[in-house]
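Colleague: I am attaching a structure below and will ask some questions about it afterwards.
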Amino acid sequence: MKVASSLRSAVLTLSAVIVLYCGPASAEQNAVAEAFFQVLKQRGATALAYDTITVTDGNIRIGNLRATLNNSAEYALVFEGVALAKPKLHANGDLSVEALAIDALSYGSPELSFSANRVLTTEMYLPRAPKSSVDQHTDLVLSYSTAAVQGIVIEDYTTGAIVPIREITVALDRDQGSLPSHARLELSGLRPDLNALSTGQQSALARLGISELSLSAVADGLWESESGTLTVNDVSISAEDYATLSLSASFGGVTEELILEFTTLAAQESVIALDLLQTIQVSSLSLRLENNGQLADILDMEANARDQDREALAKELGKTLERVLLPFKAPEFNAQLISSTEAFLRKPESFQLKLDPTAPVPVAQVMGTLMLSPSSLPYLLGATITANTQ
């Protein structure tokens, strides 16, 4: 995917729309704007109003667009500016644009407020109204190629937390139909408001010498519709200067029908039925924790708080783990877990759990083994645990 180049091209196109002098809209261009308004209305926007509609080379800009949601003034949505690059109005009333940019988005409700300096999407398709459950959950939710949201601030009025996020980007490929064959999400610069935590939680962080956190996250996956294989290339969460937790995996039996069923239940806020998981097979999985630089300092502080050094801390926690695992009759796996834990505590570089079964294992078999014979689960899944390996 050429995510960066696609976004860069869209930025240049939309900059021209926003910066150059704009003339009045024609009847056709007003119809495009009206179609965009209809898209918003179909999704809950009410009392919709705007100040201007202006045009440059067929690209449309709507100034100071505002609306309430579901007829409630307590839920307000405001776009300082909306730019539609190369819009196309289809015969059925649907709208597509080469790129769509929103300046200074804000949303307010009694529970929280959300604002963003800029939102940018490319190759966006906006159905006027959902035509079926399939349309609703593919065209509406995944109807763009790339998206970026920058300069986000979320304020939770319940806890008083104010959380800034530098940027969220999403990129999708649809080489195999309407559902994405490749998806990637990146989040950077998320700073949790530690003042909103409980006194005990703040004390625990202070004891470890953590006064602030900057988090980032990545999710990257590849889906092959014909084989029903889902490959999780990378799902990771990183706390700057401290540690990164990452996951990679491969699953079989992930068919298009299964994905649509999951999406339908999620959109309806229904509980995901466990029987949907029965067709999925676990082929491989790796869960890895890596030190980003200051994890050793945190362990030293924890050891000092116990009047110990790190060697004594490792031995104490190893013995505790040995007692906890006593009922778990998997001696080889238990020994790996204890020795790797102690090695990581002594020298925190990396800690990894790998599942590598000899053949893909159905989730139904995993669940059954977990209930009936949990001690045999590591052998079924080919589980190994290592510390401080590449």
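We name chains A, B, ... following the order of the structure tokens; residues begin at 1 in each chain, and ligands are numbered from 1 as shown.
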Could you give me, as an MDAnalysis selection string, each residue of region 82-189 of chain A that DSSP assigns to strand (DSSP E or B) when run on this structure's backbone?

Modeller: chainID A and resid 82:85 88:89 95:108 112:126 146:156 162:173 182:189

Colleague: Just the residues within 6 Å of Asp241 (chain A), please, counting only C-alpha atoms, with nothing from its chain fewer than 3 positions along; format it as a count of residues only.

Modeller: 3

Colleague: Out of A:Arg166, A:Arg306, A:Lys41, A:Arg288, which residue has the shortest atom-to-atom distance to Ile154 (chain A) when counting only C-alpha atoms?

Modeller: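 Among the listed residues, A:Arg166 lies closest to Ile154 (chain A).
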
Colleague: Fewer than 5 positions away in the same chain doesn't count, so skip those; otherwise give me all residues within 7 Å of region 103-116 of chain A, counting only C-alpha atoms, as a list of chain:residue names.

Modeller: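 My list of contacting residues is A:Glu74, A:Tyr75, A:Ala76, A:Leu77, A:Val78, A:Phe79, A:Glu80, A:Gly81, A:Val82, A:Val149, A:Gln150, A:Gly151, A:Ile152, A:Val153, A:Ile154, A:Glu155, A:Asp156, A:Tyr157, A:Thr158.
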
Colleague: DSSP on the backbone: which residues in region 50-206 of chain A end up as alpha helix (DSSP H)? Give the answer as a PyMOL selection string.

Modeller: chain A and resi 133-138+199-206

Colleague: How far is it from CA of Ser250 (chain A) to CA of Gln390 (chain A), in Å with one decimal?

Modeller: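 Here the two named atoms are 20.1 Å from each other.
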
Colleague: Counting only C-alpha atoms, which residue out of A:Tyr379, A:Phe251, A:Phe37, A:Tyr242 sits closest to Ile62 (chain A)?

Modeller: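 Of all the options, A:Phe37 lies closest to Ile62 (chain A).
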
Colleague: Need to verify the contact set: Ala314 (chain A), 7 Å, only C-alpha atoms, exclusion of same-chain residues closer than 6 positions in sequence. Can you return it as a PyMOL selection string?

Modeller: chain A and resi 342+345-346

Colleague: Using only C-alpha atoms, which residues sit within 9 Å of Ala243 (chain A) once same-chain residues fewer than 4 positions away are excluded, as a count of residues only?

Modeller: 10

Colleague: How many Å separate CA of Leu247 (chain A) from CA of Leu179 (chain A)?

Modeller: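 These atoms are spaced 22.9 Å apart.
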
Colleague: Do a neighbour search on Leu69 (chain A) at 6 Å with only C-alpha atoms, toss out local chain neighbours closer than 5 positions, and write the hits as a list in words.

Modeller: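 With the cut-off at 6 Å, the set is Gly44, Ala45, Thr46 and Tyr75 of chain A.
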
Colleague: If we count only C-alpha atoms and set the cut-off at 6 Å, which residues sit around Val119 (chain A), ignoring sequence neighbours fewer than 6 positions away in its own chain? Please answer as JSON, numbers by chain.

Modeller: {"A": [101, 102, 148, 149]}
